[in-house]
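**Q** The structure is given below, and queries will be raised subsequently.
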Amino acid sequence: ESLARPDHHPLRTGLTTLESYIKWRGWDIDNVVASRAEFNAATSLVSHPLTFPLTLGAHLASFLRQRDVIDGHCSTTMKLCCVGARAEATLPTEYWREMLLYSSALAGASNNGSQGGWHWHLDFVGPDISSNLPAKTISLDTADEFNCTKEIPWAPNRTLRLRFFKSYLHQYIMSQYKEAKTKCASSDDASGDELEEESSFDLTALLSLWDGFLLFNPGIGHPYLAKGWRPTLRYILTTGKPVIVTAHSQLDSERDWLVIKQTMSELEQGERLSKTIEEAGGDAEANPYQLNPFASRIEYEDPCCDSSDDNKKLVRPNMLVMRIPCNGLTKKEYASSTTEWGNQ
């Protein structure tokens, strides 16, 4: 009942905090709690499952703005990959529906488009995902979904398709690479022609599976996790697609940023590195992560933290967020980068 569809029209400004979003959604927490302490506790509970969909919703437009820089196409379908997914892959669909509502409210009613609005695909990929999870589709076009009676005609973001893959991303990509080459070879054998990789197998397709990437609290720079992240991170950055990365503490962000910055330098993405720093304020020596207004407000101790400082052991999911803009590779650079990555 509390997740019922709003009767009102979207706002383009003002939804910059969790409190403003709760008010816009009509969730009257004030009238169901007896004190300010209970209100804060209830808000913290709400913030925890909503941190993933609202953090994505706040940055959804950045994927649209940068898509044409790389691909130059006009499709109304956008595909994102949530890498190393864990808790976010277990959220009920009602919560992910909030991503469609929030991003649509930010965009406004004027962005519906001639083809019925935007349709989003979100693939969760990670070794901790449960096996054989079915795909799910969330729609703002279905009048009776979630026992609601109203459609939302003003929302430009119409549907969200969720899929789940239990695998490390780099292993998933290599399985796609091998499968595509096998199919291509079988087809050429049947026709009596030799396999000609340049014409029969499109290497650039491996870099175009998604239009952007999400990494929620990945721990890229954690001493216990860094080695496992290296091939996946290199693939993500090689695609040149925009990336949203969060961290659950200042220490977490500093470790991750060191690895990301080093990997971008190794891949000769100096201009992209500069853009990332510039968007965060332009200080080359500063950490480009910024406070996330939709971070979870539930604080707990990180069991993997090796710091002796008790304050650094306290974390909040998605406490900080950083955006890495697209790189804008040419098709030739795409093919070269994919060949190099595939040979590894």
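Ordering of the structure tokens sets the chain letters (A, B, ...); residue numbers start at 1 within each chain; ligands are numbered from 1 in the order shown.
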Any idea what's packed within 8 Å of Leu54 (chain A), counting only C-alpha atoms, ignoring anything in its chain fewer than 6 positions away? Could you give it as an NGL selection string?

**A** :A and (98-99 or 102 or 294)

**Q** May I have the residues within 7 Å of region 155-167 of chain A as a PyMOL selection string, using only C-alpha atoms and disregarding those fewer than 4 positions away in the same chain?

**A** chain A and resi 100+104+109+111-112+117-131+133+135-141+171-172

**Q** Assign secondary structure with DSSP using the backbone only, and return the residues of region 17-105 of chain A in helix (DSSP H, G or I) as a ChimeraX atom specification.

**A** /A:18-25,29-32,36-70,87-90,93-105

**Q** What is the distance, in Å and to one decimal place, between CA of Val83 (chain A) and CA of Val259 (chain A)?

**A**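 Distance between the two atoms: 16.3 Å.
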
**Q** Report, in Å with one decimal, the straight-line distance from CA of Asn31 (chain A) to CA of Leu106 (chain A).

**A** 26.9 Å

**Q** Write down as a PyMOL selection string the residues belonging to region 168-313 of chain A that are assigned strand (DSSP E) by DSSP computed on the backbone.

**A** chain A and resi 212-215+243-247+290-291+300-301
